[in-house]
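The file model25.cif contains mmCIF, C-alpha atoms:
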```
data_my_file
loop_
_atom_site.group_PDB
_atom_site.id
_atom_site.type_symbol
_atom_site.label_atom_id
_atom_site.label_comp_id
_atom_site.auth_asym_id
_atom_site.auth_seq_id
_atom_site.Cartn_x
_atom_site.Cartn_y
_atom_site.Cartn_z
ATOM 1 C CA MET A 1 38.719 54.537 104.877
ATOM 2 C CA LYS A 2 41.344 56.225 102.777
ATOM 3 C CA ASP A 3 39.026 56.286 99.813
ATOM 4 C CA ASP A 4 36.274 58.163 101.673
ATOM 5 C CA PRO A 5 36.513 61.826 100.764
ATOM 6 C CA LYS A 6 36.284 64.335 103.585
ATOM 7 C CA PRO A 7 33.410 66.784 103.397
ATOM 8 C CA GLY A 8 34.272 69.874 101.343
ATOM 9 C CA ARG A 9 37.154 68.224 99.470
ATOM 10 C CA SER A 10 37.165 67.197 95.857
ATOM 11 C CA THR A 11 37.721 63.603 95.017
ATOM 12 C CA THR A 12 40.194 64.302 92.205
ATOM 13 C CA HIS A 13 43.814 63.677 93.052
ATOM 14 C CA HIS A 14 46.493 66.196 91.989
ATOM 15 C CA PRO A 15 49.969 64.703 92.229
ATOM 16 C CA ARG A 16 52.804 66.898 93.466
ATOM 17 C CA PRO A 17 55.277 67.892 90.787
ATOM 18 C CA THR A 18 58.459 65.883 90.797
ATOM 19 C CA PRO A 19 61.847 67.555 90.331
ATOM 20 C CA LEU A 20 61.600 66.726 86.622
ATOM 21 C CA GLN A 21 58.222 68.396 86.246
ATOM 22 C CA PRO A 22 58.330 72.188 86.322
ATOM 23 C CA ARG A 23 55.857 73.960 88.565
ATOM 24 C CA LYS A 24 53.113 75.911 86.912
ATOM 25 C CA LYS A 25 53.700 79.641 87.009
ATOM 26 C CA ALA A 26 51.096 82.021 88.337
ATOM 27 C CA LYS A 27 50.050 84.693 85.904
ATOM 28 C CA GLY A 28 52.395 87.674 85.998
ATOM 29 C CA SER A 29 55.118 85.915 88.016
ATOM 30 C CA ILE A 30 58.700 85.682 86.862
ATOM 31 C CA HIS A 31 60.181 82.215 86.767
ATOM 32 C CA ASN A 32 63.607 81.850 88.320
ATOM 33 C CA PRO A 33 65.095 78.578 87.028
ATOM 34 C CA ARG A 34 67.584 78.369 89.939
ATOM 35 C CA SER A 35 65.026 78.276 92.717
ATOM 36 C CA THR A 36 61.328 78.378 93.348
ATOM 37 C CA ILE A 37 61.834 80.737 96.295
ATOM 38 C CA HIS A 38 61.879 84.409 95.374
ATOM 39 C CA ALA A 39 65.088 86.021 96.609
ATOM 40 C CA ALA A 40 65.277 89.630 97.748
ATOM 41 C CA PRO A 41 66.821 91.953 95.163
ATOM 42 C CA ALA A 42 70.541 92.519 95.591
ATOM 43 C CA LYS A 43 71.426 95.703 97.471
ATOM 44 C CA LYS A 44 73.436 98.316 95.663
ATOM 45 C CA LYS A 45 76.923 98.795 97.040
ATOM 46 C CA ARG A 46 77.373 102.198 98.595
ATOM 47 C CA ALA A 47 80.494 104.204 98.115
ATOM 48 C CA PRO A 48 82.641 103.806 101.247
ATOM 49 C CA ARG A 49 81.992 106.477 103.853
ATOM 50 C CA TYR A 50 85.293 107.684 105.227
ATOM 51 C CA HIS A 51 84.961 108.921 108.779
ATOM 52 C CA HIS A 52 88.400 108.615 110.356
ATOM 53 C CA SER A 53 90.442 111.697 111.141
ATOM 54 C CA VAL A 54 93.824 112.761 112.394
ATOM 55 C CA TYR A 55 93.977 115.621 114.880
ATOM 56 C CA VAL A 56 96.554 117.787 116.631
ATOM 57 C CA ILE A 57 96.188 119.098 120.197
ATOM 58 C CA LEU A 58 98.255 122.044 121.387
ATOM 59 C CA LEU A 59 99.990 121.142 124.665
ATOM 60 C CA SER A 60 101.017 123.539 127.399
ATOM 61 C CA ARG A 61 104.749 124.196 127.715
ATOM 62 C CA ASP A 62 104.512 122.587 131.148
ATOM 63 C CA VAL A 63 104.788 119.259 129.315
ATOM 64 C CA LEU A 64 108.496 120.065 128.967
ATOM 65 C CA TYR A 65 108.871 119.197 132.665
ATOM 66 C CA GLU A 66 108.024 115.609 131.747
ATOM 67 C CA ARG A 67 111.340 113.795 131.312
ATOM 68 C CA LYS A 68 109.853 111.178 128.968
ATOM 69 C CA PHE A 69 108.429 113.868 126.624
ATOM 70 C CA VAL A 70 111.756 115.730 126.445
ATOM 71 C CA LYS A 71 113.683 112.483 125.866
ATOM 72 C CA CYS A 72 111.470 111.654 122.836
ATOM 73 C CA ASN A 73 111.988 115.127 121.328
ATOM 74 C CA PRO A 74 115.770 115.724 121.274
ATOM 75 C CA ASN A 75 115.545 118.170 118.334
ATOM 76 C CA TYR A 76 112.805 120.307 119.866
ATOM 77 C CA ASP A 77 112.952 123.985 118.862
ATOM 78 C CA PRO A 78 111.821 126.227 121.776
ATOM 79 C CA ASP A 79 110.210 128.610 119.272
ATOM 80 C CA GLN A 80 107.783 125.877 118.171
ATOM 81 C CA PRO A 81 104.779 124.553 120.132
ATOM 82 C CA CYS A 82 104.389 121.163 121.782
ATOM 83 C CA VAL A 83 101.593 119.029 120.336
ATOM 84 C CA TYR A 84 99.835 115.683 120.643
ATOM 85 C CA VAL A 85 98.994 113.910 117.352
ATOM 86 C CA GLY A 86 96.211 111.334 117.312
ATOM 87 C CA MET A 87 93.753 109.497 115.100
ATOM 88 C CA THR A 88 90.041 108.855 115.661
ATOM 89 C CA GLY A 89 86.846 107.515 114.118
ATOM 90 C CA GLN A 90 84.907 110.307 115.852
ATOM 91 C CA SER A 91 85.058 114.002 115.158
ATOM 92 C CA PRO A 92 88.264 115.613 116.496
ATOM 93 C CA ASP A 93 86.158 117.894 118.758
ATOM 94 C CA VAL A 94 84.450 114.934 120.430
ATOM 95 C CA ARG A 95 87.768 113.104 120.809
ATOM 96 C CA PHE A 96 89.415 116.168 122.377
ATOM 97 C CA ASP A 97 86.559 116.443 124.897
ATOM 98 C CA LYS A 98 87.011 112.758 125.770
ATOM 99 C CA HIS A 99 90.752 113.277 126.301
ATOM 100 C CA LYS A 100 90.014 116.146 128.703
ATOM 101 C CA ALA A 101 87.349 114.086 130.504
ATOM 102 C CA GLY A 102 89.776 111.187 130.964
ATOM 103 C CA LEU A 103 87.912 108.730 128.702
ATOM 104 C CA LYS A 104 90.486 106.588 126.875
ATOM 105 C CA SER A 105 92.760 109.567 127.143
ATOM 106 C CA ASN A 106 96.451 110.097 126.715
ATOM 107 C CA GLN A 107 98.144 111.410 129.849
ATOM 108 C CA TYR A 108 99.736 114.391 128.095
ATOM 109 C CA ALA A 109 96.567 115.316 126.198
ATOM 110 C CA ARG A 110 94.514 115.139 129.408
ATOM 111 C CA LEU A 111 96.923 117.062 131.650
ATOM 112 C CA TYR A 112 98.431 119.552 129.215
ATOM 113 C CA GLY A 113 95.972 119.767 126.302
ATOM 114 C CA GLN A 114 94.803 123.322 125.608
ATOM 115 C CA ARG A 115 92.989 123.315 122.261
ATOM 116 C CA LEU A 116 92.827 121.665 118.856
ATOM 117 C CA MET A 117 95.017 123.011 116.058
ATOM 118 C CA PRO A 118 92.815 122.432 112.978
ATOM 119 C CA GLU A 119 95.159 124.447 110.765
ATOM 120 C CA LEU A 120 97.565 121.485 110.959
ATOM 121 C CA TYR A 121 95.162 118.641 110.152
ATOM 122 C CA GLU A 122 91.881 119.761 108.524
ATOM 123 C CA CYS A 123 93.164 119.364 104.963
ATOM 124 C CA TYR A 124 93.639 115.589 105.485
ATOM 125 C CA ASN A 125 90.216 114.632 106.918
ATOM 126 C CA PRO A 126 88.129 112.496 106.463
ATOM 127 C CA MET A 127 89.941 109.344 105.336
ATOM 128 C CA PRO A 128 89.729 105.550 105.564
ATOM 129 C CA TYR A 129 91.012 103.790 108.691
ATOM 130 C CA GLU A 130 94.268 102.518 107.155
ATOM 131 C CA ALA A 131 95.105 105.945 105.744
ATOM 132 C CA ALA A 132 94.449 107.557 109.141
ATOM 133 C CA LEU A 133 96.857 105.123 110.818
ATOM 134 C CA ASP A 134 99.593 106.040 108.330
ATOM 135 C CA MET A 135 98.794 109.753 108.348
ATOM 136 C CA GLU A 136 99.069 109.964 112.146
ATOM 137 C CA ILE A 137 102.651 108.686 111.952
ATOM 138 C CA GLU A 138 103.566 110.808 108.924
ATOM 139 C CA LEU A 139 102.129 113.982 110.448
ATOM 140 C CA ALA A 140 104.017 113.396 113.706
ATOM 141 C CA ILE A 141 107.285 112.854 111.815
ATOM 142 C CA HIS A 142 106.691 115.963 109.690
ATOM 143 C CA LEU A 143 106.013 118.148 112.746
ATOM 144 C CA ARG A 144 109.089 116.764 114.567
ATOM 145 C CA GLU A 145 111.206 117.662 111.527
ATOM 146 C CA LYS A 146 109.897 121.233 111.790
ATOM 147 C CA GLY A 147 111.062 121.389 115.425
ATOM 148 C CA PHE A 148 107.721 120.765 117.181
ATOM 149 C CA GLY A 149 107.673 118.857 120.440
ATOM 150 C CA VAL A 150 105.460 115.903 119.483
ATOM 151 C CA TRP A 151 103.774 113.126 121.396
ATOM 152 C CA GLN A 152 101.938 110.616 119.270
ATOM 153 C CA GLY A 153 99.366 108.124 120.415
#
```
Can you give me the file's structure in the form of structure tokens?
Amino acid sequence: MKDDPKPGRSTTHHPRPTPLQPRKKAKGSIHNPRSTIHAAPAKKKRAPRYHHSVYVILLSRDVLYERKFVKCNPNYDPDQPCVYVGMTGQSPDVRFDKHKAGLKSNQYARLYGQRLMPELYECYNPMPYEAALDMEIELAIHLREKGFGVWQG
């Protein structure tokens, strides 16, 4: 019964193309010799969006009652402020609010933090992650050399 055609079908047999026989192209289509499946166009690479920042929080002088803070700042100049230096992928304002709320906060920033000091860090932001890691350390060292009491985290 293989030879009996089904109703509505033609009796002519069209063999499938073998790998050696190219497929017939539809009018207006572009033939890709590597595959018969049309691939999505390649996406353009965007320029990297830098969104990491360093920030400096002014700490209350009450932090000087913390033995550990004083021990880490032997060259502290009493005429200079005490600060916390950090790095974030968020905006410094949001990160400061999270410190004060106790979310992933540093003890000194939460207990003694008063305000951000953008005059000390705005010129560096934004930057890539690796640069922010390095800049946090460099900024802390620079401020310590100027006599600031610095806690870095």
Carefully work through the PyMOL selection byres ((chain A and resi 51-63) around 6) for this structure and note down the residues it includes, as a list in words.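 When the PyMOL selection byres ((chain A and resi 51-63) around 6) is applied to the shown file, the picked residues are Tyr50, Leu64, Tyr65, Glu66, Cys82, Val83, Tyr84, Val85, Gly86, Met87, Thr88, Gly89, Pro92, Tyr112, Gly113, Gln114, Arg115, Leu116, Met117, Tyr121, Asn125, Pro126, Met127, Pro128, Tyr129 and Glu136 of chain A.
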When you count only C-alpha atoms, which of these residues is closest to Cys72 (chain A): A:Val94, A:Gln107, A:Tyr124, A:Ala140? A:Ala140
Excluding Ile141 (chain A) and any residue of its chain fewer than 4 positions from it, enumerate the residues within 12 Å of it, using only C-alpha atoms, and give them as a ChimeraX atom specification. /A:72-73,75,83-85,134-137,145-152
Keeping only C-alpha atoms, take the residues you just selected and write them out as a compact mmCIF listing (two decimals), in the coordinates of the input.
```txt
# COMPACT_ATOMS: atom_id res chain seq x y z
CA CYS A 72 111.47 111.65 122.84
CA ASN A 73 111.99 115.13 121.33
CA ASN A 75 115.54 118.17 118.33
CA VAL A 83 101.59 119.03 120.34
CA TYR A 84 99.84 115.68 120.64
CA VAL A 85 98.99 113.91 117.35
CA ASP A 134 99.59 106.04 108.33
CA MET A 135 98.79 109.75 108.35
CA GLU A 136 99.07 109.96 112.15
CA ILE A 137 102.65 108.69 111.95
CA GLU A 145 111.21 117.66 111.53
CA LYS A 146 109.90 121.23 111.79
CA GLY A 147 111.06 121.39 115.42
CA PHE A 148 107.72 120.76 117.18
CA GLY A 149 107.67 118.86 120.44
CA VAL A 150 105.46 115.90 119.48
CA TRP A 151 103.77 113.13 121.40
CA GLN A 152 101.94 110.62 119.27
```
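The coordinates place CA of Gly102 (chain A) at 28.1 Å from CA of Pro74 (chain A).
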What is the CA of Glu138 (chain A)-CA of Tyr76 (chain A) distance in Å, reported with one decimal?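 Those two atoms sit 17.2 Å apart.
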Just to confirm, what's the straight-line distance from CA of Leu143 (chain A) to CA of Asp79 (chain A) in Å (one decimal)?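 According to the coordinates, CA of Leu143 (chain A) and CA of Asp79 (chain A) are separated by 13.0 Å.
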Enclose the full set of atoms of region 53-60 of chain A listed in the file within a box whose edges lie along x, y and z, apply 5 Å of padding to each of the six sides, and report centre and edge lengths in Å to one decimal as AutoDock Vina command-line options.
```
--center_x 95.7 --center_y 117.6 --center_z 119.3 --size_x 20.6 --size_y 21.8 --size_z 26.3
```
